[in-house]
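J.: I have a structure here, written as structure tokens, and I will follow up with some questions on it.
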Number of protein chains: 2
Amino acid sequence: MADHKYVYFFGAGKAEGAADMKNLLGGKGANIAEMTNIGIPVPSGFTITTEVCTYFYDHGRTYPAELKAQVAEALAKVEAVMGAKFGDPTNPLLVSVRSGARVSMPGMMDTVLNVGLNDETVKGVIAKTGNERFAYDAYRRFVNMYSDVVLGVKAAHEKEEDPFEVILEKKKHARGVKLDTELSAQDLKELVAEFKAMVNERLGKPFPEAPMDQLWGGISAVFESWNIPRAKSYRQIHGFPEDWGTAVNVQSMVFGNMGDDSATGVAFTRDPSTGENYFYGEYLTNAQGEDVVAGIRTPQPINRTKGAPEGMRTLDEEMPELYKQLAGIRETLEKHYRDMQDIEFTIQQGRLWMLQTRNGKRTPAAAVKIAVDMVGEGLIDKQTAIKRVEPEQINHLLHPMLDPKAKRVKIAAGLPASPGAAVGQVVFSASDAEAWAADGKKIILVRVETSPDDIRGMNVAEGILTSRGGMTSHAAVVARGMGTPCVAGCSEIAVDYANEQFTAGGVVVKQGDWISLDGSKGEVYQGQVAKVEPKLTGDFAAFMDWADEIRTLGVRTNADTPHDASVARNFGAEGIGLCRTEHMFFEGERIKAVREMILSDDIETRQKALAKLLPMQREDFVGIFRAMDGLPVTIRTLDPPLHEFLPHVDNDKDIDGLAADMGLSAAQIKAKVESLAEMNPMLGTRGCRLGLSFPEITEMQARAIFEAACQVAKEGVKVIPEVMIPLVGHVNELKLQKAIVLRVAEEVMAAAGVKVDYLVGTMIELPRAALTADQIAQEAQFFSFGTNDLTQTTFGLSRDDTGKMLAEYVASGILPKDPFVSIDEEGVGQLVRIGVEKGRSVNAKLKVGICGEHGGDPASVDFCHRVGMNYVSCSPYRVPIARLAAAQAALRNN
Amino acid sequence: MADHKYVYFFGAGKAEGAADMKNLLGGKGANIAEMTNIGIPVPSGFTITTEVCTYFYDHGRTYPAELKAQVAEALAKVEAVMGAKFGDPTNPLLVSVRSGARVSMPGMMDTVLNVGLNDETVKGVIAKTGNERFAYDAYRRFVNMYSDVVLGVKAAHEKEEDPFEVILEKKKHARGVKLDTELSAQDLKELVAEFKAMVNERLGKPFPEAPMDQLWGGISAVFESWNIPRAKSYRQIHGFPEDWGTAVNVQSMVFGNMGDDSATGVAFTRDPSTGENYFYGEYLTNAQGEDVVAGIRTPQPINRTKGAPEGMRTLDEEMPELYKQLAGIRETLEKHYRDMQDIEFTIQQGRLWMLQTRNGKRTPAAAVKIAVDMVGEGLIDKQTAIKRVEPEQINHLLHPMLDPKAKRVKIAAGLPASPGAAVGQVVFSASDAEAWAADGKKIILVRVETSPDDIRGMNVAEGILTSRGGMTSHAAVVARGMGTPCVAGCSEIAVDYANEQFTAGGVVVKQGDWISLDGSKGEVYQGQVAKVEPKLTGDFAAFMDWADEIRTLGVRTNADTPHDASVARNFGAEGIGLCRTEHMFFEGERIKAVREMILSDDIETRQKALAKLLPMQREDFVGIFRAMDGLPVTIRTLDPPLHEFLPHVDNDKDIDGLAADMGLSAAQIKAKVESLAEMNPMLGTRGCRLGLSFPEITEMQARAIFEAACQVAKEGVKVIPEVMIPLVGHVNELKLQKAIVLRVAEEVMAAAGVKVDYLVGTMIELPRAALTADQIAQEAQFFSFGTNDLTQTTFGLSRDDTGKMLAEYVASGILPKDPFVSIDEEGVGQLVRIGVEKGRSVNAKLKVGICGEHGGDPASVDFCHRVGMNYVSCSPYRVPIARLAAAQAALRNN
């Protein structure tokens, strides 16, 4: 029987491994093998499999008997390919020893470079390179790194200084220099000796000189590092099993700092900023990889496609043959990986080596362009293109951004509550916002938190900044609905209404001062930062068309005005999933009639107030129905607690005005306002409970809806109203409200002589509704999951009160994510699933959607797809995101 | 093939039916048959089966061909038994025609009496009775009733007067009399003729004279009445199927008003007030059943066992033979039905007829005594005895009651929030309550609603009255816990703090005025109403012992003090299921330290405050552990939102005091209090969220628990602490809090050198906890369902805000019952079931209980039994109720 194979060689265009052997060779090992096999020049080496790691831990940290011979055999092949010999004093081969698990665990495990150096082989390096300083610099780095990683010689605790650093500083002090680079070859040579002496003293045994001892020490160190605490907890957090193990990659060292015929660089196969299809990259002659990144020297562009700084040469000019080879590799890699690659290369004494290739990170615009271009080039199909763009990236394409190149002074950070950039002068009240905006000023409304009273001020603001509240606070929800940038819950600012200013750290910002917001990042900047407008390209339109071809889930929008409805329709919304009638109540003179309605003590007075509201609501619906000609419009009957419409009890001006209007005393108004106050309004008299207490409100709203529908139908508009009863917990609630809607609809249509198709359904936003969905579905023609409220009740968490707590929960890992951002599949999702299943069990044709904030969150959209919903509904600006997320969900799950 | 049997005869000691034929004969028919068969003299008759009703509706309102002959045959038997002939002008038999479904549908369907009377037979009645007035009175009543019920001659709409009443009034007016009884035989005879004339005119055909026509008309009318709207909706509400149908009972009429040898009476086989085993009853000579009930004449006692009014004779004196027969029937019925019977009898011309027997209603005390006595007499077994007492009845035995005989003036009614009677002087603030009580006064605390600030005042009050809040409002919950009578949500009173008075209707009650409360009924009386103290008899103890033998469900108590714990233990509690540590925080000086803890800005200050609390909490636990020696004590860590402990921001006195204590400004204190305010405190920072934000609080509480446990263990007390983490929504919350408890427990026990067995578990009071119980159970040793909060979140209802709404929901049938009183099995119950099943799926030995208010509600206890819980926990005074309910649940479900 042949020995079990534990070691996989790669080099000279041939590797024993391949890309699909990640489990055995780890991600890095498999990728190196793949590159080797497709003819990319990769420094030769070998991979010790993950099975050895498992064996190592299963057998008291020993190795399989076969391993030693297999390593020796592979090393011999490497020596042959590289034309050098490990441990040879005249022509030494140096190697790196690196970990490589199935999945990347960045920075978790150990690496050792330059293995094979000792007092003998260093002379061979000097001879080969003619560069003594280079050789000793590599040597002293190796002794330092090896002693630390393999031998464990390091600072014993936080307050102790690193012992190598101590020696190095002493040396620099003695030489009267500041930088390592100012030390001479002799200095570095001395450091090697001093390092070794210190190690010997600490360990009571000398630093290993034999290269093979060094190699096996490195291999063991990598295997040991699989089990160090930080790696273990990383695996726990990510749910990676302990028995995966890591592979070990032993690979020849190459150097870009061996002279002017050496170089090192980083490149992208296409422009990662714009996506343009040209070869983009930077390099430095006679340098190490760190030098490119560190920014001490200005790197050179690899070509002149987009120009180059004056007097600077490019790689295609300096080393045209090598550039040609590199450009060829670019072609090979793109054809092979069918994606834009981020590559690292080193030129060692005129020879090109590829060290790494991986899919390149890119801007949202580049992501779309590359995906669309690659379909055009026949590299990928549309499905693949759709998978290539993160839905959240789309967000950046739709909103103005702060110019990435503009200078800025950040003064605070909060939650990225509504994306986009805003620049304006600070005001601290909604009424100031209105006044200033009326004067043509651009303003940013800064509040501790917002309330429905602030709606008009929010509407004219460029941006909104609050010091309290979470991602689903009033400010956040309303701002996203309006497409207005918002930073919410910015607890780093202290708002001082009395003095009309806020402080952020040491900075005081007064009314009228300019600030800039980045709502996508949740950041606040002092002064005016330049903005750049988004450009929606033809590529984008084509890309979204493909998404629509692929997805099976419908995408609607939450919109309360004809304007929002039009915006959303332009973004591809296929209907309105949630039209909140109460937002209409705040506009202009309406609030007066609304307050009269609420404060009425008898049904006659209330009906008089409702009669004033009826024509206004009807006009709202007429506008929305026209904007959504041919598409369904889901209208929710009155939902919020009534006191939201009333002035605050301390607001004497409003109270007095209202008292005068209604012919009552201020005290009477105050008493009524106070009597409507609730301990927990979220769990109080709201939703259908209002319509059950005051059926005349539901009746007025139904009348407004159907009168508007009949009116536009006569104009030739195709109108599809879907009346939605909120906060149903028991089927009887729906039954009673539905009866009113049906009666009014029939009355109105009979009077108008018009027949309009319509549906009556309900929101499922209470646990009890989901649990009894089989009963509710007997009365409902559609369900719309209100997952904001469902999350609040399932968790017993008010989003208004627990924003800070939730952030702490997510930060400390108590919750994997904010359940108001991405649906909590484990808990809330169970209820959604129960609701859908029970609902369809009695009504197979039940239309099911979602209209909570989750409708625009990609992970939640995936869930909605899996659970079999008909559509998601989200704010207008998230419609394209939801369309893409729905397409990806279809690809992922079908 | 023999004809199918549709008619069942009964009479002369022999019936074709029996008690177990309710589905076929209806409840009344089966019961009459049963009485006949056991030798009770019942007026003879026959029952037409429910199958005929079904046939009637299935075949276009026609009868089976066989029916006519079977009715005729049965009628002939009746005639033979009764010695009279239906329609015979000289010796006529009169019958009643009554409905009778499987279950009683009181007042829903029709009845016709005195069928068989016409101008001929009335003469026979006169001849037989020698009483012309009696005969014509019966005749005119028959014509009226038959015309109404069978012929449909009645007022056509609400505003029309009843046409028979019109004629009758005219007659009385003509005769110059006021009462029907003042009309002569001739007058009544004229009325018959006038009634018939009117009927003839209205219907265009004469009133049916032929007795057989009358009989079949009556039978049809009864079958028709199965489908009248009120009967249909009654069945819908109660879920009775349409195809059950009703039977028709045709039975000979007997009369107690035929002279001095006739009488009519009502009796109970034992005293329904005390349960004493003697024959209790009342009767009237020469009277109809209505006369006994109407109270125009004072009825006579049937014997002198408990005395009789002076000069009044008793049945055993007036008619000793008949009394002897009646007493024999009493024996027979009790032996047969093995329960106390409520019987109706009529003596017609010296002959005794039994008209009805049914299980008699009784007082709670009587219920227990009768059940226990009957076991002693060998009539029933213990299981049956246990089934005989409604658990809620027990409640009345444990609390003082208002003397049922005392005069009283009711001024308002609210919710029966905490049972028992209270008499005291009205005060309107907790501090007045304390001051007056310190002066030895008995006071009743009247508030709009109560808050934790009022605890000390509530503690010294005889009773509590609030104008707002539901059955689970703060006042209600705390009062029940204290065993203090409480009427809550009494919206009929208007509290005026400024003038220290309240008004109820027209009555003004000022501070210091006396009122009386009946917390069991929810009623408020003016002045001092006499009270009677409950007497717990040996019977009660024996009865409860049997309940304990039968039940499998444990019963614990919710108790926060050693006193409550002792009370509950005396009532049979087998441990504490919920000890709320926060209630301890309100007492005396503690609140100061608690406030310091809350207002601390840094952990050091907080720990200093906690250090003050530690010894106090430890002492609390020492007392409770001693009281519960040998029994488990479940202690919940801090639960309520912190602002509940703080003074109200408008309470300048408290704010200033606190500021002085803490060396801060009043403004600082106010700012802190305001910053802790929450929009929805129920969904805010409370429960384990507190312990996660401030682990040092959990640590202090754990230390107090285990130091107390170790201390009493050394005294020889067997202590079994169960530490309960509240409001867990995600397993990670429990994990982190549990780690603190375990660490502190081990530290404390190691230091004390004592080993105490303890458990750590959690409350399941959020939908998410129930849905993810399989994860949570991996960390929990027990679950305790907090169904108050679970109901709030499942319904999305705050019990503080929706008391009035829920009452309306129940009144209008939207909800079948208040889900805070009896657990909502359909919704909340699903979550409980999911929680238990998922929990046990990973931890088969998981101990499961309930500690919400539902733990003391019999219907909910039954649910807890069915769902497989280990125990229920309820307030001390409900422990006996829960014990009995648990026993009944075991009998009902096992």
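In the structure tokens, chains take letters A, B, ... by order of appearance, with residues numbered from 1 within each chain and ligands from 1 in the order shown.
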As an MDAnalysis selection string, list the residues of stretch 199-333 of chain B assigned to alpha helix (DSSP H) by DSSP on the backbone atoms of this structure.

T.: chainID B and resid 199:203 211:225 229:238 289:294 315:318 320:333

J.: Which chain B residues have any atom within 9 Å of an atom of chain A, and for each, what is the nearest pair of atoms with distance in Å to one decimal, counting only C-alpha atoms, rows sorted by chain and number, as a tab-separated table?

T.:
```
residue	atom	partner	partner_atom	distance
B:Ala677	CA	A:Asp801	CA	8.9
B:Glu678	CA	A:Asp801	CA	5.9
B:Met679	CA	A:Asp801	CA	6.4
B:Asn680	CA	A:Asn680	CA	4.4
B:Pro681	CA	A:Asn680	CA	6.6
B:Met682	CA	A:Asn680	CA	6.6
B:Leu683	CA	A:Leu797	CA	4.4
B:Gly684	CA	A:Asp801	CA	5.6
B:Thr685	CA	A:Thr802	CA	6.8
B:Arg689	CA	A:Met805	CA	8.1
B:Ser693	CA	A:Met805	CA	8.1
B:Leu727	CA	A:Gly796	CA	8.3
B:Val728	CA	A:Phe795	CA	8.9
B:Gly729	CA	A:Phe795	CA	5.9
B:His730	CA	A:Leu815	CA	7.5
B:Val731	CA	A:Ile814	CA	8.4
B:Asn732	CA	A:Ile814	CA	5.3
B:Glu733	CA	A:Ile814	CA	6.5
B:Leu736	CA	A:Ile814	CA	8.8
B:Glu765	CA	A:Gly796	CA	8.9
B:Leu766	CA	A:Gly796	CA	6.1
B:Pro767	CA	A:Thr794	CA	4.9
B:Arg768	CA	A:Thr794	CA	5.2
B:Ala769	CA	A:Gly827	CA	8.1
B:Ala770	CA	A:Gly827	CA	8.9
B:Leu771	CA	A:Gly827	CA	6.0
B:Thr772	CA	A:Gly827	CA	6.4
B:Asp789	CA	A:Gly796	CA	8.8
B:Leu790	CA	A:Gly796	CA	8.9
B:Gln792	CA	A:Leu683	CA	7.8
B:Thr793	CA	A:Thr793	CA	4.9
B:Thr794	CA	A:Pro767	CA	4.8
B:Phe795	CA	A:Arg768	CA	5.7
B:Gly796	CA	A:Leu683	CA	5.1
B:Leu797	CA	A:Leu683	CA	4.5
B:Ser798	CA	A:Leu683	CA	4.9
B:Arg799	CA	A:Leu683	CA	8.5
B:Asp800	CA	A:Met679	CA	6.8
B:Asp801	CA	A:Gly684	CA	5.6
B:Thr802	CA	A:Gly684	CA	6.1
B:Met805	CA	A:Thr685	CA	7.9
B:Glu808	CA	A:Ser693	CA	9.0
B:Gly813	CA	A:Asn732	CA	8.3
B:Ile814	CA	A:Asn732	CA	5.3
B:Leu815	CA	A:His730	CA	7.5
B:Glu826	CA	A:Thr772	CA	7.2
B:Gly827	CA	A:Arg768	CA	5.2
B:Val828	CA	A:Arg768	CA	7.0
B:Gln830	CA	A:Leu771	CA	7.3
B:Leu831	CA	A:Leu771	CA	8.2
```

J.: Residues at most 7 Å from stretch 239-254 of chain B, counting only C-alpha atoms, excluding those fewer than 3 positions away in the same chain, as a ChimeraX atom specification?

T.: /B:25-26,29,43-50,53-54,93-101,114,219,222-223,226,235-236,348

J.: Could you pull the residues within 10 Å of B:Asn37, counting only C-alpha atoms, minus those fewer than 4 positions along the same chain, as a JSON list (two decimals) with C-alpha atoms, in the first residue's frame?

T.:
```
[["chain", "number", "residue", "atom", "x", "y", "z"],
["B", 10, "PHE", "CA", -93.72, 8.71, 30.59],
["B", 11, "GLY", "CA", -96.23, 8.28, 33.41],
["B", 12, "ALA", "CA", -97.35, 6.14, 36.34],
["B", 13, "GLY", "CA", -93.83, 5.25, 37.42],
["B", 14, "LYS", "CA", -92.66, 4.10, 34.04],
["B", 15, "ALA", "CA", -90.98, 5.98, 31.22],
["B", 16, "GLU", "CA", -89.68, 4.80, 27.87],
["B", 17, "GLY", "CA", -86.78, 7.23, 28.15],
["B", 18, "ALA", "CA", -83.99, 7.67, 30.70],
["B", 19, "ALA", "CA", -81.41, 10.21, 31.87],
["B", 31, "ASN", "CA", -84.83, 14.18, 33.18],
["B", 32, "ILE", "CA", -88.61, 13.80, 33.38],
["B", 33, "ALA", "CA", -88.25, 10.22, 32.18],
["B", 41, "PRO", "CA", -94.92, 11.29, 40.82],
["B", 42, "VAL", "CA", -94.53, 13.34, 37.67]]
```

J.: Fewer than 2 positions away in the same chain doesn't count, so skip those; otherwise give me all residues within 8 Å of A:Ser451, counting only C-alpha atoms, as a list in words.

T.: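 The residues satisfying every condition are Glu449, Asp453, Asp454, Ile455, His474 and Ala475 of chain A.
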
J.: Using atom CA of B:Trp546 and atom CA of B:Phe268 as the two end points, give the distance in Å to one decimal.

T.: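 Taking atom CA of B:Trp546 and atom CA of B:Phe268, their separation equals 26.2 Å.
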
J.: Would you please extract all strand (DSSP E) residues from stretch 341-457 of chain B, as assigned by DSSP on the backbone, and give them as an MDAnalysis selection string?

T.: chainID B and resid 341:348 351:359 401:402 410:413 415:418 421:427 443:447

J.: Figure out the distance between atom CA of A:Lys718 and atom CA of A:Met544, please, to one decimal in Å.

T.: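 Taking atom CA of A:Met544 as the start and atom CA of A:Lys718 as the end point, the length is 25.8 Å.
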
J.: Considering only C-alpha atoms, return as a list in words whatever protein or nucleic-acid residues lie within 9 Å of A:Gln778, sequence-local ones (same chain, fewer than 6 positions apart) excluded.

T.: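 After dropping sequence-adjacent residues, the list is Val731, Gly839, Val842 and Asn843 of chain A.
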
J.: Can you write out the residues you just picked, keeping C-alpha atoms, as a CSV table (one decimal), in the first residue's frame?

T.:
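Resulting contents of again-v5.csv:
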```csv
chain,number,residue,atom,x,y,z
A,731,VAL,CA,-59.9,37.8,13.8
A,839,GLY,CA,-52.6,31.8,6.5
A,842,VAL,CA,-56.9,28.1,4.9
A,843,ASN,CA,-56.5,30.4,1.9
```

J.: My list of candidates is B:Gly852, B:Pro858, B:Pro632, B:Pro647. Which is closest to B:Lys672 when distances are computed with only C-alpha atoms?

T.: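 When distances to B:Lys672 are compared using only C-alpha atoms, the smallest one comes from B:Pro647.
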
J.: One number please: atom CA of B:Ser516 to atom CA of B:Ala421, in Å, one decimal.

T.: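 Atom CA of B:Ser516 sits 7.2 Å away from atom CA of B:Ala421.
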
J.: At a cut-off of 6 Å, using only C-alpha atoms, what residues contact B:Val448? Leave out same-chain residues fewer than 2 positions from it and give the result as an MDAnalysis selection string.

T.: chainID B and resid 466:468

J.: My list of candidates is A:His648, A:Ser418, A:Cys688, A:Val712. Which is closest to A:Arg618 when distances are computed with only C-alpha atoms?

T.: A:Val712

J.: Between A:Lys123, A:Lys205, A:Lys738, A:His643, single out the one closest to A:Tyr136, counting only C-alpha atoms.

T.: A:Lys123

J.: Pick the closest to B:Phe255 from B:Phe134, B:Phe195, B:Tyr63, B:Tyr6: which is it, counting only C-alpha atoms?

T.: B:Phe134
